[in-house]
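*Asks:* Next comes run.cif, mmCIF, C-alpha atoms and all ligand atoms:
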data_data
loop_
_atom_site.label_atom_id
_atom_site.label_comp_id
_atom_site.auth_asym_id
_atom_site.auth_seq_id
_atom_site.Cartn_x
_atom_site.Cartn_y
_atom_site.Cartn_z
CA MET A 1247 14.32 13.71 -32.35
CA LYS A 1248 13.96 12.26 -28.88
CA LYS A 1249 11.48 9.46 -28.38
CA ILE A 1250 8.72 9.31 -25.78
CA MET A 1251 7.07 6.10 -24.64
CA VAL A 1252 3.50 6.91 -23.60
CA ASP A 1253 1.30 4.37 -21.87
CA MET A 1254 -2.38 4.14 -22.83
CA ASP A 1255 -4.59 2.95 -19.93
CA ASP A 1256 -4.88 5.51 -17.14
CA VAL A 1257 -2.51 7.86 -18.95
CA ILE A 1258 -4.40 8.57 -22.17
CA CYS A 1259 -7.83 7.22 -21.23
CA GLU A 1260 -9.49 5.81 -18.14
CA GLY A 1261 -12.58 4.43 -16.52
CA GLY A 1262 -13.63 1.63 -18.86
CA PHE A 1263 -12.30 -1.28 -16.88
CA LEU A 1264 -13.94 -0.18 -13.64
CA ALA A 1265 -17.23 0.48 -15.47
CA LEU A 1266 -17.24 -3.09 -16.79
CA VAL A 1267 -16.28 -4.60 -13.43
CA ASN A 1268 -19.14 -2.65 -11.81
CA GLU A 1269 -21.57 -3.77 -14.49
CA PHE A 1270 -20.48 -7.39 -14.10
CA LEU A 1271 -20.67 -7.40 -10.30
CA GLY A 1272 -23.68 -5.08 -10.01
CA THR A 1273 -21.58 -2.77 -7.82
CA ASN A 1274 -20.76 0.89 -7.81
CA TYR A 1275 -17.08 1.04 -6.88
CA GLN A 1276 -15.44 4.43 -7.38
CA LYS A 1277 -11.85 4.67 -8.51
CA GLU A 1278 -10.87 6.37 -5.22
CA GLU A 1279 -11.69 3.10 -3.44
CA ILE A 1280 -9.42 0.96 -5.62
CA LYS A 1281 -5.93 0.36 -4.33
CA THR A 1282 -4.84 -2.53 -6.53
CA TYR A 1283 -3.52 -2.10 -10.06
CA TYR A 1284 -5.60 -5.02 -11.29
CA ILE A 1285 -9.19 -3.89 -10.87
CA GLN A 1286 -10.37 -7.39 -11.73
CA ASP A 1287 -9.04 -8.52 -8.33
CA LEU A 1288 -12.43 -7.31 -7.08
CA ILE A 1289 -13.92 -10.32 -8.86
CA PRO A 1290 -14.01 -13.62 -6.98
CA LYS A 1291 -11.62 -16.14 -8.55
CA GLU A 1292 -14.38 -18.66 -9.22
CA ARG A 1293 -16.08 -16.13 -11.51
CA TYR A 1294 -13.01 -15.39 -13.68
CA ALA A 1295 -14.15 -17.60 -16.57
CA GLU A 1296 -17.56 -15.92 -16.64
CA TRP A 1297 -15.89 -12.50 -16.32
CA GLY A 1298 -13.58 -13.32 -19.26
CA GLU A 1299 -16.55 -14.07 -21.49
CA PHE A 1300 -18.35 -10.95 -20.32
CA PHE A 1301 -15.28 -8.77 -20.92
CA ASN A 1302 -14.80 -10.29 -24.35
CA SER A 1303 -18.37 -9.44 -25.31
CA LYS A 1304 -17.73 -5.75 -24.57
CA ASN A 1305 -15.38 -3.07 -25.82
CA VAL A 1306 -13.80 -1.57 -22.72
CA TYR A 1307 -12.90 1.57 -24.72
CA ASP A 1308 -16.58 2.35 -25.32
CA HIS A 1309 -16.65 3.07 -21.59
CA CYS A 1310 -13.42 5.08 -21.37
CA LYS A 1311 -12.95 8.80 -21.36
CA MET A 1312 -9.85 10.61 -22.48
CA LEU A 1313 -7.91 12.34 -19.73
CA LYS A 1314 -7.90 16.12 -19.66
CA ASP A 1315 -5.51 17.90 -22.06
CA VAL A 1316 -4.11 14.65 -23.52
CA TYR A 1317 -5.04 15.43 -27.10
CA GLU A 1318 -3.79 18.98 -27.09
CA VAL A 1319 -0.49 18.27 -25.28
CA LEU A 1320 0.32 15.09 -27.20
CA GLU A 1321 -0.34 16.83 -30.49
CA LYS A 1322 2.03 19.62 -29.50
CA LEU A 1323 4.69 17.18 -28.30
CA SER A 1324 4.37 15.15 -31.49
CA LYS A 1325 5.96 18.06 -33.35
CA GLN A 1326 9.11 17.95 -31.23
CA TYR A 1327 9.31 14.29 -30.28
CA GLU A 1328 8.61 10.87 -31.74
CA ILE A 1329 5.69 9.53 -29.71
CA TYR A 1330 5.31 5.79 -29.21
CA ILE A 1331 2.08 4.67 -27.56
CA THR A 1332 3.13 1.56 -25.69
CA THR A 1333 0.47 -0.61 -24.15
CA ALA A 1334 0.02 -4.13 -22.83
CA TYR A 1335 -2.90 -6.09 -24.22
CA ILE A 1336 -2.59 -9.59 -22.78
CA PHE A 1337 -5.62 -10.19 -20.60
CA ARG A 1338 -4.09 -11.49 -17.35
CA ASP A 1339 -6.65 -14.13 -16.37
CA ASN A 1340 -8.06 -14.95 -19.79
CA GLU A 1341 -5.19 -14.82 -22.29
CA GLU A 1342 -7.37 -16.35 -24.99
CA TYR A 1343 -9.37 -13.11 -25.22
CA SER A 1344 -6.34 -10.88 -25.74
CA ALA A 1345 -6.64 -10.56 -29.53
CA LYS A 1346 -9.89 -8.67 -29.25
CA ASN A 1347 -8.41 -6.44 -26.59
CA LEU A 1348 -5.56 -5.60 -28.97
CA LYS A 1349 -8.01 -4.82 -31.77
CA ASN A 1350 -10.04 -2.53 -29.47
CA LYS A 1351 -6.87 -0.73 -28.37
CA PHE A 1352 -5.71 -0.24 -31.95
CA GLU A 1353 -9.06 1.16 -33.03
CA TYR A 1354 -9.30 3.53 -30.08
CA LEU A 1355 -5.83 4.95 -30.71
CA TYR A 1356 -6.36 5.11 -34.46
CA GLU A 1357 -9.63 7.00 -34.12
CA ASN A 1358 -8.76 9.26 -31.22
CA LEU A 1359 -5.13 10.23 -31.88
CA PRO A 1360 -5.06 10.78 -35.65
CA PHE A 1361 -1.75 12.68 -35.52
CA ILE A 1362 0.12 9.58 -34.29
CA SER A 1363 0.97 7.02 -36.94
CA PRO A 1364 -0.20 3.48 -36.19
CA GLU A 1365 3.40 2.50 -36.95
CA ASN A 1366 4.14 4.10 -33.58
CA PHE A 1367 1.76 1.86 -31.65
CA ILE A 1368 3.64 -0.76 -29.66
CA PHE A 1369 1.72 -3.64 -28.11
CA THR A 1370 3.86 -5.38 -25.52
CA THR A 1371 3.86 -6.40 -21.89
CA ASN A 1372 7.58 -5.92 -21.30
CA LYS A 1373 8.18 -2.19 -21.53
CA GLU A 1374 11.70 -2.51 -20.18
CA ILE A 1375 12.87 -3.44 -23.68
CA ILE A 1376 11.61 -0.14 -25.08
CA ASP A 1377 14.46 2.24 -25.80
CA CYS A 1378 13.05 5.77 -25.42
CA GLU A 1379 14.65 8.82 -23.79
CA ILE A 1380 11.40 9.66 -21.99
CA LYS A 1381 8.90 7.26 -20.48
CA ILE A 1382 5.42 8.05 -19.13
CA ASP A 1383 3.39 5.36 -17.37
CA ASP A 1384 1.13 4.96 -14.34
CA LYS A 1385 2.74 1.64 -13.36
CA LEU A 1386 6.09 2.13 -11.68
CA SER A 1387 7.59 -1.15 -12.86
CA ASN A 1388 6.94 -0.09 -16.47
CA LEU A 1389 9.43 2.74 -15.99
CA LYS A 1390 12.30 0.32 -15.52
CA GLY A 1391 15.10 0.20 -18.04
CA LYS A 1392 17.04 3.05 -19.46
CA ALA A 1393 15.50 6.46 -20.02
CA GLU A 1394 16.64 10.00 -19.23
CA THR A 1395 13.29 11.10 -17.92
CA LYS A 1396 10.78 8.84 -16.18
CA LEU A 1397 7.36 10.23 -15.35
CA LEU A 1398 4.87 8.39 -13.16
CA PHE A 1399 1.36 9.49 -14.00
CA THR A 1400 -0.75 9.62 -10.84
CA ALA A 1401 -3.53 7.03 -10.85
CA TYR A 1402 -5.84 5.38 -8.32
CA HIS A 1403 -3.36 2.57 -7.57
CA ASN A 1404 -0.07 4.50 -7.26
CA LYS A 1405 -0.95 7.32 -4.87
CA GLU A 1406 0.73 5.61 -1.94
CA ILE A 1407 4.16 5.39 -3.54
CA THR A 1408 6.29 7.86 -1.60
CA GLU A 1409 8.39 10.67 -3.04
CA GLU A 1410 11.43 9.00 -1.49
CA GLU A 1411 10.78 5.75 -3.33
CA LEU A 1412 10.33 7.63 -6.58
CA LYS A 1413 13.51 9.59 -6.02
CA GLN A 1414 15.51 6.39 -5.53
CA GLN A 1415 14.28 5.18 -8.89
CA HIS A 1416 14.84 8.58 -10.57
CA VAL A 1417 11.15 8.94 -11.24
CA ILE A 1418 9.14 12.17 -11.17
CA ARG A 1419 5.44 12.12 -10.34
CA VAL A 1420 3.10 14.05 -12.62
CA ASN A 1421 -0.58 14.72 -11.96
CA SER A 1422 -1.72 16.10 -15.27
CA TRP A 1423 -0.84 16.50 -18.92
CA LYS A 1424 -0.23 20.20 -18.32
CA GLU A 1425 2.56 19.21 -15.90
CA ILE A 1426 4.02 16.92 -18.54
CA GLU A 1427 3.96 19.76 -21.02
CA GLN A 1428 5.87 21.96 -18.58
CA ILE A 1429 8.52 19.33 -17.91
CA LEU A 1430 9.07 18.44 -21.55
MG MG A 1501 -1.41 2.20 -17.60
#
For the structure just supplied, provide its representation as structure tokens.

*Replies:*
Amino acid sequence: MKKIMVDMDDVICEGGFLALVNEFLGTNYQKEEIKTYYIQDLIPKERYAEWGEFFNSKNVYDHCKMLKDVYEVLEKLSKQYEIYITTAYIFRDNEEYSAKNLKNKFEYLYENLPFISPENFIFTTNKEIIDCEIKIDDKLSNLKGKAETKLLFTAYHNKEITEEELKQQHVIRVNSWKEIEQIL
């Protein structure tokens, strides 16, 4: 069976991080306005410590919604492929709060994708070391390393990457889980 590496944030579920940033700042940013991968860059540096505590007091996945068709397509694919959900959990500016982030991620996956064994959850920042034939991620640099098929899932921060750039890196852009289903 071929193996698929599937990212979690902005590929399986989305929206939680921006909701918390908006709550913290008292703003109403929409994802269309965000160009940076790290949404927390909207927060002034001098408030990072306060933001870390705030984030740690919340569960970002309580504010996430699952992307359309994820459940159905992943369940189907799980019969023909080994699926590995591969997600980073180290909190960039507040590493000390990462353990809770990992716990929240585990629980979300465990509850929402019951057909994937928790043994197939991989928590790591360096996805280049993951040896899977197929990789799906919304962050281009996470598609580095060897893989036969590399799919960039369209997200708020990667829309400006050109087709040419993707071609050079042997990456195909996908806009939905239905497209993924067709390709695989
Ligand atoms: Mg992601």

*Asks:* Would you mind listing the residues within 12 Å of ligand MG 1501 (chain A), counting only C-alpha atoms and all ligand atoms, as a ChimeraX atom specification?

*Replies:* /A:1251-1261,1263,1283-1285,1331-1335,1371,1373,1381-1389,1398-1404

*Asks:* Considering all atoms listed in the file, return as a PyMOL selection string whatever protein or nucleic-acid residues lie within 7 Å of stretch 1422-1428 of chain A, sequence-local ones (same chain, fewer than 4 positions apart) excluded.

*Replies:* chain A and resi 1315-1316+1319

*Asks:* Quick one: write out the picked residues with C-alpha atoms as a JSON list (two decimals), in the coordinates of the input?

*Replies:*
[["chain", "number", "residue", "atom", "x", "y", "z"],
["A", 1315, "ASP", "CA", -5.51, 17.90, -22.06],
["A", 1316, "VAL", "CA", -4.11, 14.65, -23.52],
["A", 1319, "VAL", "CA", -0.49, 18.27, -25.28]]

*Asks:* Just the residues within 12 Å of A:Asp1287, please, counting all atoms listed in the file, with nothing from its chain fewer than 3 positions along; format it as a ChimeraX atom specification.

*Replies:* /A:1263-1264,1267,1271,1280-1284,1290-1294,1297,1338-1339

*Asks:* Can you list, as a list of chain:residue names, every protein, DNA or RNA residue that comes within 7 Å of A:Met1247 when you count only C-alpha atoms, leaving out same-chain residues fewer than 4 positions away?

*Replies:*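 My list of contacting residues is A:Gln1326, A:Tyr1327, A:Glu1328.
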
*Asks:* Let me see the file: selected residues, C-alpha atoms, as a CSV table (one decimal), keeping the file's coordinate frame.

*Replies:*
chain,number,residue,atom,x,y,z
A,1326,GLN,CA,9.1,18.0,-31.2
A,1327,TYR,CA,9.3,14.3,-30.3
A,1328,GLU,CA,8.6,10.9,-31.7

*Asks:* Would you mind telling me which residue in A:Glu1394, A:Glu1269, A:Glu1411, A:Asp1308 lies nearest to A:Ile1380 when using all atoms listed in the file?

*Replies:*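 Smallest separation from A:Ile1380 among the options: A:Glu1394.
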
*Asks:* Separation of atom CA of A:Asn1274 and atom CA of A:Lys1351, in Å?

*Replies:*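 Those two atoms sit 24.9 Å apart.
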
*Asks:* Hey, can you check how far atom CA of A:Asn1350 sits from atom CA of A:Asn1372?

*Replies:*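 Those two atoms sit 19.7 Å apart.
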
*Asks:* Using Å and a single decimal, report how far atom CA of A:Lys1390 sits from atom CA of A:Arg1419.

*Replies:*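 Between these atoms lies a distance of 14.6 Å.
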
*Asks:* Restricting the calculation to all atoms listed in the file: of A:Leu1412, A:Ala1393, A:Ile1329, A:Ile1418, which residue gets closest to A:Ile1368?

*Replies:*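 With all atoms listed in the file as the atom set, the closest residue is A:Ile1329.
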
*Asks:* Between A:Val1417, A:Ile1407, A:Leu1313, A:Leu1320, which one has atoms that come closest to A:Leu1430, using all atoms listed in the file?

*Replies:*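 Closest residue, counting all atoms listed in the file: A:Leu1320.
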
*Asks:* Please return stretch 1391-1402 of chain A, rebuilt to all heavy atoms, as a tab-separated table (two decimals), in the frame of the given file.

*Replies:*
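Writing the result to result-v3.tsv gives the following:
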chain	number	residue	atom	x	y	z
A	1391	GLY	N	14.34	0.15	-16.80
A	1391	GLY	CA	15.10	0.20	-18.04
A	1391	GLY	C	15.66	1.57	-18.24
A	1391	GLY	O	15.44	2.48	-17.43
A	1392	LYS	N	16.40	1.75	-19.33
A	1392	LYS	CA	17.04	3.05	-19.46
A	1392	LYS	C	16.11	4.09	-20.07
A	1392	LYS	O	15.31	3.79	-20.94
A	1392	LYS	CB	18.37	2.95	-20.21
A	1392	LYS	CG	18.32	2.22	-21.49
A	1392	LYS	CD	19.64	2.34	-22.22
A	1392	LYS	CE	19.38	1.88	-23.64
A	1392	LYS	NZ	20.43	1.93	-24.55
A	1393	ALA	N	16.24	5.29	-19.54
A	1393	ALA	CA	15.50	6.46	-20.02
A	1393	ALA	C	16.07	7.64	-19.26
A	1393	ALA	O	16.45	7.51	-18.10
A	1393	ALA	CB	14.01	6.32	-19.76
A	1394	GLU	N	16.12	8.80	-19.91
A	1394	GLU	CA	16.64	10.00	-19.23
A	1394	GLU	C	15.61	10.55	-18.26
A	1394	GLU	O	15.92	11.03	-17.18
A	1394	GLU	CB	16.86	11.12	-20.25
A	1394	GLU	CG	17.99	10.91	-21.18
A	1394	GLU	CD	17.95	11.92	-22.34
A	1394	GLU	OE1	17.12	12.86	-22.33
A	1394	GLU	OE2	18.76	11.73	-23.25
A	1395	THR	N	14.36	10.49	-18.69
A	1395	THR	CA	13.29	11.10	-17.92
A	1395	THR	C	12.18	10.07	-17.74
A	1395	THR	O	11.69	9.51	-18.72
A	1395	THR	CB	12.73	12.34	-18.66
A	1395	THR	OG1	13.83	13.22	-18.95
A	1395	THR	CG2	11.68	13.06	-17.84
A	1396	LYS	N	11.83	9.82	-16.48
A	1396	LYS	CA	10.78	8.84	-16.18
A	1396	LYS	C	9.68	9.53	-15.41
A	1396	LYS	O	9.92	10.06	-14.32
A	1396	LYS	CB	11.35	7.70	-15.35
A	1396	LYS	CG	12.47	6.93	-16.05
A	1396	LYS	CD	13.04	5.86	-15.17
A	1396	LYS	CE	14.09	5.05	-15.93
A	1396	LYS	NZ	14.55	3.89	-15.15
A	1397	LEU	N	8.48	9.53	-15.97
A	1397	LEU	CA	7.36	10.23	-15.35
A	1397	LEU	C	6.28	9.23	-14.94
A	1397	LEU	O	5.78	8.47	-15.78
A	1397	LEU	CB	6.78	11.27	-16.32
A	1397	LEU	CG	7.78	12.30	-16.89
A	1397	LEU	CD1	7.06	13.25	-17.86
A	1397	LEU	CD2	8.45	13.10	-15.77
A	1398	LEU	N	5.95	9.24	-13.66
A	1398	LEU	CA	4.87	8.39	-13.16
A	1398	LEU	C	3.59	9.21	-13.15
A	1398	LEU	O	3.48	10.21	-12.44
A	1398	LEU	CB	5.17	7.90	-11.74
A	1398	LEU	CG	4.08	6.97	-11.17
A	1398	LEU	CD1	4.19	5.56	-11.76
A	1398	LEU	CD2	4.17	6.89	-9.65
A	1399	PHE	N	2.63	8.77	-13.94
A	1399	PHE	CA	1.36	9.49	-14.00
A	1399	PHE	C	0.49	9.04	-12.83
A	1399	PHE	O	0.22	7.85	-12.66
A	1399	PHE	CB	0.66	9.20	-15.34
A	1399	PHE	CG	-0.34	10.27	-15.71
A	1399	PHE	CD1	0.03	11.31	-16.55
A	1399	PHE	CD2	-1.62	10.25	-15.19
A	1399	PHE	CE1	-0.88	12.31	-16.88
A	1399	PHE	CE2	-2.54	11.25	-15.51
A	1399	PHE	CZ	-2.16	12.28	-16.37
A	1400	THR	N	0.05	9.98	-12.03
A	1400	THR	CA	-0.75	9.62	-10.84
A	1400	THR	C	-2.04	8.92	-11.25
A	1400	THR	O	-2.76	9.37	-12.15
A	1400	THR	CB	-1.07	10.89	-10.02
A	1400	THR	OG1	0.15	11.44	-9.55
A	1400	THR	CG2	-1.95	10.56	-8.82
A	1401	ALA	N	-2.30	7.78	-10.60
A	1401	ALA	CA	-3.53	7.03	-10.85
A	1401	ALA	C	-4.00	6.44	-9.53
A	1401	ALA	O	-3.26	6.45	-8.53
A	1401	ALA	CB	-3.27	5.92	-11.87
A	1402	TYR	N	-5.21	5.91	-9.54
A	1402	TYR	CA	-5.84	5.38	-8.32
A	1402	TYR	C	-4.92	4.44	-7.54
A	1402	TYR	O	-4.93	4.43	-6.32
A	1402	TYR	CB	-7.15	4.64	-8.67
A	1402	TYR	CG	-6.95	3.46	-9.62
A	1402	TYR	CD1	-6.76	2.18	-9.12
A	1402	TYR	CD2	-6.90	3.65	-11.00
A	1402	TYR	CE1	-6.54	1.11	-9.96
A	1402	TYR	CE2	-6.68	2.59	-11.85
A	1402	TYR	CZ	-6.50	1.32	-11.34
A	1402	TYR	OH	-6.26	0.27	-12.18
